[in-house]
file work-v3.cif (mmCIF, C-alpha atoms and all ligand atoms)
data_my_file
loop_
_atom_site.label_atom_id
_atom_site.label_comp_id
_atom_site.auth_asym_id
_atom_site.auth_seq_id
_atom_site.Cartn_x
_atom_site.Cartn_y
_atom_site.Cartn_z
CA MET A 1 86.98 185.16 179.48
CA ALA A 2 86.02 185.84 183.08
CA ASP A 3 83.00 183.50 183.25
CA ASP A 4 83.02 179.79 182.72
CA HIS A 5 79.50 179.56 181.26
CA LEU A 6 81.14 178.95 177.88
CA LEU A 7 84.28 176.84 177.69
CA VAL A 8 86.50 177.59 174.71
CA SER A 9 89.60 175.69 173.64
CA THR A 10 91.52 175.28 170.41
CA ALA A 11 93.85 172.40 169.59
CA ASP A 12 94.83 170.54 166.41
CA GLY A 13 92.86 172.96 164.25
CA ILE A 14 89.60 172.41 166.15
CA THR A 15 87.88 175.03 168.31
CA ARG A 16 85.61 173.45 170.90
CA LEU A 17 82.79 175.51 172.38
CA THR A 18 81.04 173.95 175.36
CA LEU A 19 77.89 175.50 176.81
CA ASN A 20 78.60 175.12 180.50
CA ARG A 21 75.68 175.59 182.87
CA PRO A 22 74.92 171.90 183.39
CA ASP A 23 72.69 172.44 186.46
CA LYS A 24 70.38 174.60 184.26
CA LEU A 25 70.67 172.30 181.23
CA ASN A 26 72.92 174.92 179.62
CA ALA A 27 70.03 177.38 179.27
CA LEU A 28 71.31 180.44 177.47
CA THR A 29 71.82 183.71 179.30
CA ARG A 30 72.45 186.94 177.49
CA ALA A 31 76.03 186.95 178.78
CA MET A 32 76.56 183.46 177.30
CA MET A 33 75.22 184.54 173.94
CA ARG A 34 77.54 187.55 173.96
CA ASP A 35 80.51 185.28 174.66
CA LEU A 36 79.39 182.69 172.11
CA GLU A 37 79.22 185.32 169.40
CA ALA A 38 82.68 186.62 170.35
CA ALA A 39 84.13 183.09 170.33
CA LEU A 40 82.65 182.44 166.87
CA GLU A 41 84.08 185.73 165.60
CA ARG A 42 87.53 184.67 166.79
CA ALA A 43 87.13 181.20 165.28
CA ALA A 44 86.16 182.77 161.94
CA VAL A 45 89.45 184.62 161.59
CA SER A 46 91.91 182.50 163.57
CA PRO A 47 94.38 180.56 161.41
CA ASP A 48 94.58 178.02 164.27
CA CYS A 49 90.93 177.09 163.77
CA ARG A 50 89.78 175.05 160.76
CA ALA A 51 86.68 173.48 162.33
CA VAL A 52 84.35 174.24 165.25
CA VAL A 53 82.56 171.81 167.57
CA LEU A 54 79.60 173.03 169.63
CA THR A 55 78.38 170.90 172.52
CA GLY A 56 76.93 171.06 176.02
CA ALA A 57 78.28 170.06 179.43
CA GLY A 58 76.41 167.51 181.52
CA ARG A 59 73.19 165.74 180.54
CA ALA A 60 71.82 168.38 178.13
CA PHE A 61 72.93 170.10 174.97
CA CYS A 62 70.91 173.25 175.65
CA ALA A 63 67.42 174.02 177.03
CA GLY A 64 67.09 177.27 175.07
CA GLN A 65 66.73 180.75 176.47
CA ASP A 66 67.20 180.93 180.23
CA LEU A 67 63.67 181.84 181.23
CA ALA A 68 64.93 183.25 184.52
CA ASP A 69 67.36 185.65 182.87
CA GLY A 70 65.09 188.66 183.01
CA VAL A 71 62.93 187.75 180.00
CA TYR A 72 59.88 187.32 182.23
CA VAL A 73 59.20 189.33 185.34
CA GLU A 74 56.19 188.20 187.37
CA GLY A 75 53.71 191.06 187.70
CA GLY A 76 56.10 193.35 185.87
CA PRO A 77 55.98 194.93 182.43
CA GLN A 78 56.12 192.61 179.42
CA PRO A 79 59.74 192.42 178.32
CA ASP A 80 60.64 193.13 174.70
CA LEU A 81 61.66 189.67 173.50
CA GLY A 82 62.85 191.23 170.27
CA LEU A 83 65.75 192.57 172.30
CA VAL A 84 66.67 189.00 173.22
CA LEU A 85 66.66 188.03 169.58
CA ASP A 86 69.00 190.93 168.86
CA GLN A 87 71.56 188.74 170.59
CA TYR A 88 70.49 185.38 169.15
CA ASN A 89 70.18 186.27 165.50
CA PRO A 90 73.82 187.34 165.04
CA VAL A 91 74.94 183.99 166.50
CA ILE A 92 72.76 182.01 164.07
CA ARG A 93 74.00 184.14 161.18
CA ARG A 94 77.60 183.75 162.35
CA ILE A 95 77.32 179.94 162.42
CA ARG A 96 75.73 179.81 158.96
CA THR A 97 78.32 182.13 157.38
CA LEU A 98 81.37 180.99 159.34
CA PRO A 99 83.99 180.16 156.69
CA LYS A 100 84.74 176.87 158.46
CA PRO A 101 82.65 173.75 159.17
CA VAL A 102 80.67 173.81 162.42
CA VAL A 103 79.76 170.47 163.97
CA ALA A 104 77.08 170.10 166.66
CA ALA A 105 77.59 167.32 169.20
CA VAL A 106 74.12 167.07 170.71
CA ASN A 107 74.79 165.18 173.91
CA GLY A 108 71.28 165.51 175.40
CA ILE A 109 68.05 167.50 175.08
CA ALA A 110 68.15 170.39 172.63
CA ALA A 111 65.09 172.55 173.32
CA GLY A 112 63.86 175.91 172.03
CA ALA A 113 66.72 178.09 170.90
CA GLY A 114 69.01 175.20 171.88
CA ALA A 115 67.50 173.12 169.07
CA SER A 116 67.82 176.07 166.68
CA LEU A 117 71.49 176.48 167.60
CA ALA A 118 72.18 172.82 166.84
CA LEU A 119 70.25 172.87 163.55
CA ALA A 120 72.17 175.95 162.37
CA CYS A 121 75.37 173.87 162.37
CA ASP A 122 76.71 172.23 159.21
CA LEU A 123 76.70 168.70 160.56
CA VAL A 124 74.65 167.53 163.53
CA PHE A 125 75.55 164.38 165.46
CA ALA A 126 73.30 163.42 168.36
CA ALA A 127 73.56 160.87 171.13
CA ARG A 128 70.84 158.22 170.74
CA SER A 129 69.36 159.33 174.09
CA ALA A 130 69.10 162.97 172.97
CA ASN A 131 65.87 164.69 171.92
CA PHE A 132 65.06 167.76 169.86
CA MET A 133 62.16 169.82 171.13
CA GLN A 134 60.56 172.91 169.62
CA ALA A 135 59.61 173.95 173.15
CA PHE A 136 58.40 177.42 172.18
CA ALA A 137 54.65 176.67 171.98
CA ARG A 138 54.75 175.38 175.57
CA ILE A 139 55.32 178.98 176.69
CA GLY A 140 53.23 180.72 174.06
CA LEU A 141 56.08 181.65 171.71
CA ILE A 142 56.78 180.80 168.10
CA PRO A 143 59.89 178.90 166.99
CA ASP A 144 62.67 181.41 166.43
CA CYS A 145 66.43 181.61 165.87
CA GLY A 146 65.83 180.32 162.35
CA SER A 147 63.70 177.31 163.23
CA THR A 148 60.75 178.29 161.02
CA TRP A 149 63.20 178.60 158.12
CA MET A 150 65.25 175.48 158.80
CA LEU A 151 62.59 172.98 159.83
CA PRO A 152 60.45 172.95 156.65
CA ARG A 153 63.58 172.88 154.49
CA LEU A 154 65.02 169.92 156.38
CA ILE A 155 61.96 167.79 157.05
CA GLY A 156 59.06 169.28 155.06
CA GLU A 157 56.21 171.46 156.19
CA ALA A 158 53.93 168.78 157.67
CA ARG A 159 56.57 167.55 160.10
CA ALA A 160 57.82 171.10 160.79
CA ARG A 161 54.34 172.23 161.79
CA GLY A 162 53.80 169.13 163.90
CA LEU A 163 57.04 169.63 165.81
CA ALA A 164 56.37 173.35 166.31
CA MET A 165 52.72 173.11 167.34
CA LEU A 166 52.83 169.96 169.45
CA ALA A 167 56.21 170.88 171.00
CA GLU A 168 56.92 167.24 171.74
CA PRO A 169 60.44 165.82 172.00
CA LEU A 170 61.75 164.14 168.85
CA PRO A 171 64.21 161.32 169.64
CA ALA A 172 67.60 161.48 167.89
CA GLU A 173 67.04 158.32 165.86
CA LYS A 174 63.79 159.66 164.44
CA ALA A 175 65.50 163.01 163.80
CA GLU A 176 68.06 161.14 161.70
CA ALA A 177 65.39 159.11 159.90
CA TRP A 178 63.51 162.31 159.06
CA GLY A 179 66.66 164.04 157.75
CA LEU A 180 66.68 166.64 160.52
CA ILE A 181 70.23 165.72 161.54
CA TRP A 182 73.22 163.92 160.04
CA LYS A 183 73.54 161.01 162.46
CA ALA A 184 72.36 159.51 165.75
CA VAL A 185 75.10 157.53 167.48
CA ASP A 186 75.40 155.46 170.62
CA ASP A 187 75.91 157.77 173.59
CA ASP A 188 79.35 156.40 174.39
CA LYS A 189 80.46 156.84 170.76
CA LEU A 190 79.33 160.47 170.34
CA ALA A 191 82.64 162.10 171.31
CA ALA A 192 84.71 159.80 169.11
CA GLU A 193 82.42 160.21 166.08
CA VAL A 194 82.41 163.99 166.42
CA ASP A 195 86.19 164.10 166.92
CA ALA A 196 86.72 162.02 163.79
CA ALA A 197 84.55 164.35 161.70
CA ALA A 198 86.11 167.49 163.17
CA SER A 199 89.65 166.15 162.62
CA ARG A 200 88.78 165.35 159.04
CA PHE A 201 87.54 168.93 158.56
CA ALA A 202 90.61 170.37 160.31
CA SER A 203 92.90 168.74 157.75
CA GLY A 204 90.54 169.36 154.82
CA PRO A 205 90.18 172.03 152.14
CA THR A 206 88.93 174.77 154.47
CA TYR A 207 88.52 177.39 151.76
CA GLY A 208 86.54 174.90 149.68
CA PHE A 209 84.27 174.21 152.66
CA ALA A 210 83.66 177.97 153.02
CA LEU A 211 82.68 178.14 149.35
CA GLN A 212 80.36 175.12 149.79
CA LYS A 213 78.59 176.96 152.59
CA GLN A 214 78.13 179.96 150.29
CA ALA A 215 76.72 177.68 147.58
CA PHE A 216 74.18 176.08 149.91
CA ALA A 217 73.20 179.51 151.27
CA GLY A 218 72.59 180.69 147.71
CA ALA A 219 70.58 177.58 146.85
CA ALA A 220 68.09 178.45 149.58
CA GLN A 221 67.03 181.53 147.58
CA ASN A 222 67.99 180.83 143.98
CA ALA A 223 66.20 179.32 141.01
CA LEU A 224 68.28 176.68 139.17
CA ASP A 225 69.49 179.15 136.58
CA ALA A 226 70.91 181.55 139.16
CA GLN A 227 72.34 178.68 141.18
CA LEU A 228 74.22 177.35 138.16
CA ASP A 229 75.81 180.78 137.76
CA LEU A 230 76.67 180.90 141.46
CA GLU A 231 78.23 177.42 141.34
CA ARG A 232 80.32 178.46 138.34
CA ALA A 233 81.59 181.55 140.14
CA LEU A 234 82.38 179.68 143.36
CA GLN A 235 83.94 176.72 141.54
CA SER A 236 86.26 179.11 139.71
CA LYS A 237 87.47 180.30 143.11
CA ALA A 238 87.86 176.74 144.42
CA GLY A 239 89.69 175.75 141.25
CA ALA A 240 92.20 178.57 141.75
CA SER A 241 93.03 177.43 145.31
CA PRO A 242 96.19 175.52 146.19
CA ASP A 243 94.06 172.74 147.67
CA TYR A 244 92.56 171.96 144.26
CA ALA A 245 96.06 171.59 142.77
CA GLU A 246 97.05 169.47 145.77
CA GLY A 247 93.92 167.32 145.58
CA VAL A 248 94.32 166.53 141.90
CA GLY A 249 98.10 166.09 142.22
CA ALA A 250 97.65 163.69 145.11
CA PHE A 251 94.98 161.72 143.26
CA LEU A 252 97.19 161.29 140.19
CA ALA A 253 100.22 160.39 142.30
CA LYS A 254 98.10 157.92 144.31
CA ARG A 255 99.04 159.57 147.61
CA LYS A 256 97.06 161.21 150.43
CA PRO A 257 96.47 164.94 149.87
CA SER A 258 97.93 167.45 152.31
CA PHE A 259 95.54 170.40 152.28
CA THR A 260 96.57 173.79 153.67
CA GLY A 261 93.00 175.09 153.75
CA ARG A 262 94.18 178.39 152.29
CA GLU A 263 92.54 180.48 149.62
CA SER A 264 95.84 181.22 147.84
O1 LIG B 301 63.01 186.57 171.97
C1 LIG B 301 62.71 185.42 172.27
O2 LIG B 301 61.90 184.73 171.63
C2 LIG B 301 63.32 184.79 173.47
C3 LIG B 301 64.03 183.61 173.03
C4 LIG B 301 63.42 182.43 173.20
C5 LIG B 301 64.07 181.26 172.69
C6 LIG B 301 63.72 180.03 173.50
O3 LIG B 301 64.61 179.21 173.66
S1 LIG B 301 62.16 179.87 174.15
C7 LIG B 301 62.22 178.23 174.85
C8 LIG B 301 62.89 178.22 176.19
N1 LIG B 301 63.09 176.87 176.67
C9 LIG B 301 62.11 176.13 177.19
O4 LIG B 301 60.96 176.54 177.26
C10 LIG B 301 62.50 174.79 177.76
C11 LIG B 301 62.35 174.82 179.27
N2 LIG B 301 62.83 173.56 179.86
C12 LIG B 301 62.11 172.44 179.86
O5 LIG B 301 61.01 172.36 179.33
C13 LIG B 301 62.72 171.27 180.58
O6 LIG B 301 63.70 171.72 181.43
C14 LIG B 301 63.33 170.22 179.60
C15 LIG B 301 62.19 169.51 178.84
C16 LIG B 301 64.28 170.88 178.61
C17 LIG B 301 64.10 169.18 180.43
O7 LIG B 301 63.28 168.68 181.46
P1 LIG B 301 63.92 167.85 182.69
O8 LIG B 301 62.78 167.34 183.49
O9 LIG B 301 64.89 166.88 182.15
O10 LIG B 301 64.79 168.92 183.52
P2 LIG B 301 64.24 170.05 184.50
O11 LIG B 301 64.11 169.53 185.87
O12 LIG B 301 63.05 170.73 183.92
O13 LIG B 301 65.44 171.13 184.44
C18 LIG B 301 66.62 170.97 185.22
C19 LIG B 301 67.00 172.34 185.73
O14 LIG B 301 67.27 173.20 184.59
C20 LIG B 301 65.89 173.02 186.51
O15 LIG B 301 66.51 173.85 187.46
P3 LIG B 301 66.36 173.53 189.06
O16 LIG B 301 64.92 173.51 189.38
O17 LIG B 301 67.01 172.18 189.23
O18 LIG B 301 67.13 174.64 189.73
C21 LIG B 301 65.21 173.87 185.47
O19 LIG B 301 64.53 174.97 186.00
C22 LIG B 301 66.42 174.35 184.67
N3 LIG B 301 66.04 174.76 183.33
C23 LIG B 301 65.73 173.97 182.28
N4 LIG B 301 65.43 174.70 181.23
C24 LIG B 301 65.56 175.99 181.59
C25 LIG B 301 65.96 176.02 182.93
N5 LIG B 301 66.16 177.17 183.59
C26 LIG B 301 65.96 178.34 182.88
N6 LIG B 301 65.59 178.37 181.61
C27 LIG B 301 65.39 177.23 180.91
N7 LIG B 301 65.06 177.29 179.60
#
call {"tool": "encode", "arguments": {"input": "work-v3.cif", "output": "structure tokens", "more": "lines below"}}
Ligand code: T3D
result
Amino acid sequence: MADDHLLVSTADGITRLTLNRPDKLNALTRAMMRDLEAALERAAVSPDCRAVVLTGAGRAFCAGQDLADGVYVEGGPQPDLGLVLDQYNPVIRRIRTLPKPVVAAVNGIAAGAGASLALACDLVFAARSANFMQAFARIGLIPDCGSTWMLPRLIGEARARGLAMLAEPLPAEKAEAWGLIWKAVDDDKLAAEVDAAASRFASGPTYGFALQKQAFAGAAQNALDAQLDLERALQSKAGASPDYAEGVGAFLAKRKPSFTGRES
């Protein structure tokens, strides 16, 4: 990758993606989104990757769309913001359907599409000093990148509407208390907590995690009856995986399981 606006590294089964424009609070340019999507595509298929961590460099996680990246031209024609979303939406979809756990390490403010990016992840850890801000209304936009879908599901409609319309920062601890995120942790413990979770995923039943993600995706649309059928179908697949045999064998032998993460 020629640019360093997105740092990508893989070690010990974990792919780390770091948004890296700290002087602009990691605001997202179209080039960054292109590279983020490509990095997620590689992570999806790479046997070296069994978990992904997404974080930001410097004092912010991400301040959303870079408002200076040609989306607004003073005195010029109104840009087609739908074209911007043509780049964002595939990234949100890719995170949600990635057949591996994705962990967000929210090290500082997550605003606008930056908040949406974090909330699309499977598990969100945030530094206690971090805030989540649906910044969109401040510039006359609506929450996008999945926020209008995710917020009411996570925290209920009253709080979702309040966050979206008031566009005020929500501190990490309150985000945890509301059920918006998994956990708020002391700033100096964020990296260690995220590493521990990612390492656990990287040695876990990867195929089973992929099936879990499919089950939760289905639950967002299904009535109970259909969801029971989906669970049955997915559980049959999980039950045929070597990790199920290993998990049960290890339990009965009173030893630690050694999961390969493979489907067969
Ligand atoms: O199709 C579509 O809908 C388009 C997609 C839209 C999705 C979106 O994400 S819309 C929302 C875009 N984001 C925002 O509106 C947030 C803008 N940023 C802020 O409100 C503030 O920066 C923060 C509240 C996040 C943090 O404030 P503070 O005081 O800690 O930092 P700061 O001084 O404002 O920012 C530091 C620098 O980062 C500064 O640059 P400078 O002056 O030092 O050179 C600032 O301009 C830059 N920066 C922060 N956010 C953005 C940004 N530059 C470009 N775009 C940004 N979004």
call {"tool": "residues_near_ligand", "arguments": {"input": "work-v3.cif", "ligand": "ligand LIG 301 (chain B)", "cutoff": "6 Å", "atoms": "all atoms listed in the file", "output": "PDB file with C-alpha atoms, in the frame of the given file"}}
result
ATOM      1  CA  ASP A  23      72.690 172.440 186.460  1.00  0.00           C
ATOM      2  CA  LYS A  24      70.380 174.600 184.260  1.00  0.00           C
ATOM      3  CA  LEU A  25      70.670 172.300 181.230  1.00  0.00           C
ATOM      4  CA  ALA A  27      70.030 177.380 179.270  1.00  0.00           C
ATOM      5  CA  ALA A  63      67.420 174.020 177.030  1.00  0.00           C
ATOM      6  CA  GLY A  64      67.090 177.270 175.070  1.00  0.00           C
ATOM      7  CA  GLN A  65      66.730 180.750 176.470  1.00  0.00           C
ATOM      8  CA  ASP A  66      67.200 180.930 180.230  1.00  0.00           C
ATOM      9  CA  LEU A  67      63.670 181.840 181.230  1.00  0.00           C
ATOM     10  CA  ALA A  68      64.930 183.250 184.520  1.00  0.00           C
ATOM     11  CA  LEU A  81      61.660 189.670 173.500  1.00  0.00           C
ATOM     12  CA  GLY A  82      62.850 191.230 170.270  1.00  0.00           C
ATOM     13  CA  VAL A  84      66.670 189.000 173.220  1.00  0.00           C
ATOM     14  CA  LEU A  85      66.660 188.030 169.580  1.00  0.00           C
ATOM     15  CA  ALA A 111      65.090 172.550 173.320  1.00  0.00           C
ATOM     16  CA  GLY A 112      63.860 175.910 172.030  1.00  0.00           C
ATOM     17  CA  ALA A 113      66.720 178.090 170.900  1.00  0.00           C
ATOM     18  CA  ALA A 135      59.610 173.950 173.150  1.00  0.00           C
ATOM     19  CA  PHE A 136      58.400 177.420 172.180  1.00  0.00           C
TER      20      PHE A 136
END
call {"tool": "residues_around", "arguments": {"input": "work-v3.cif", "residues": "segment 199-204 of chain A", "least_positions_apart": "3", "cutoff": "8 Å", "atoms": "only C-alpha atoms", "output": "mmCIF file with C-alpha atoms, in the frame of the given file"}}
result
data_model
loop_
_atom_site.group_PDB
_atom_site.id
_atom_site.type_symbol
_atom_site.label_atom_id
_atom_site.label_comp_id
_atom_site.auth_asym_id
_atom_site.auth_seq_id
_atom_site.Cartn_x
_atom_site.Cartn_y
_atom_site.Cartn_z
ATOM 1 C CA ASP A 12 94.830 170.540 166.410
ATOM 2 C CA GLY A 13 92.860 172.960 164.250
ATOM 3 C CA ILE A 14 89.600 172.410 166.150
ATOM 4 C CA CYS A 49 90.930 177.090 163.770
ATOM 5 C CA ARG A 50 89.780 175.050 160.760
ATOM 6 C CA ALA A 51 86.680 173.480 162.330
ATOM 7 C CA PRO A 101 82.650 173.750 159.170
ATOM 8 C CA ASP A 195 86.190 164.100 166.920
ATOM 9 C CA ALA A 196 86.720 162.020 163.790
ATOM 10 C CA SER A 258 97.930 167.450 152.310
ATOM 11 C CA PHE A 259 95.540 170.400 152.280
ATOM 12 C CA THR A 260 96.570 173.790 153.670
ATOM 13 C CA GLY A 261 93.000 175.090 153.750
#
call {"tool": "residues_around", "arguments": {"input": "work-v3.cif", "residues": "Leu180 of chain A", "least_positions_apart": "2", "cutoff": "8 Å", "atoms": "all atoms listed in the file", "output": "PyMOL selection string"}}
result
chain A and resi 119+151+154-155+175-178+182
call {"tool": "residues_around", "arguments": {"input": "work-v3.cif", "residues": "Leu228 of chain A", "least_positions_apart": "4", "cutoff": "12 Å", "atoms": "only C-alpha atoms", "output": "PyMOL selection string"}}
result
chain A and resi 215-216+218-219+222-224+232-235
call {"tool": "atom_distance", "arguments": {"input": "work-v3.cif", "atom1": "atom CA of Val106 of chain A", "atom2": "atom CA of Ser46 of chain A"}}
result
24.6 Å
call {"tool": "closest_residue", "arguments": {"input": "work-v3.cif", "among": "A:Thr15, A:Ser241, A:Ser236, A:Asn131", "to": "Lys174 of chain A", "atoms": "all atoms listed in the file"}}
result
A:Asn131
call {"tool": "closest_residue", "arguments": {"input": "work-v3.cif", "among": "A:Lys100, A:Arg159, A:Arg34, A:Lys183", "to": "Arg128 of chain A", "atoms": "all atoms listed in the file"}}
result
A:Lys183
call {"tool": "atom_distance", "arguments": {"input": "work-v3.cif", "atom1": "atom CA of Asn107 of chain A", "atom2": "atom CA of Ala158 of chain A"}}
result
26.7 Å
call {"tool": "residues_around", "arguments": {"input": "work-v3.cif", "residues": "Arg161 of chain A", "least_positions_apart": "6", "cutoff": "12 Å", "atoms": "all atoms listed in the file", "output": "ChimeraX atom specification"}}
result
/A:134,137,142-143,147-153,155,167-168
call {"tool": "residues_around", "arguments": {"input": "work-v3.cif", "residues": "Asn89 of chain A", "least_positions_apart": "3", "cutoff": "12 Å", "atoms": "all atoms listed in the file", "output": "count of residues only"}}
result
22
call {"tool": "closest_residue", "arguments": {"input": "work-v3.cif", "among": "A:Gln87, A:Thr18, A:Gln78, A:Ser9", "to": "Cys62 of chain A", "atoms": "only C-alpha atoms"}}
result
A:Thr18
call {"tool": "closest_residue", "arguments": {"input": "work-v3.cif", "among": "A:Met32, A:Val71, A:Val124, A:Val91", "to": "Ile181 of chain A", "atoms": "only C-alpha atoms"}}
result
A:Val124
call {"tool": "atom_distance", "arguments": {"input": "work-v3.cif", "atom1": "atom CA of Leu230 of chain A", "atom2": "atom CA of Tyr207 of chain A"}}
result
16.1 Å
call {"tool": "closest_residue", "arguments": {"input": "work-v3.cif", "among": "A:Lys237, A:Arg59, A:Arg42, A:Arg262", "to": "Val8 of chain A", "atoms": "all atoms listed in the file"}}
result
A:Arg42
call {"tool": "closest_residue", "arguments": {"input": "work-v3.cif", "among": "A:Ala240, A:Leu190, A:Leu19, A:Ala127", "to": "Pro171 of chain A", "atoms": "all atoms listed in the file"}}
result
A:Ala127
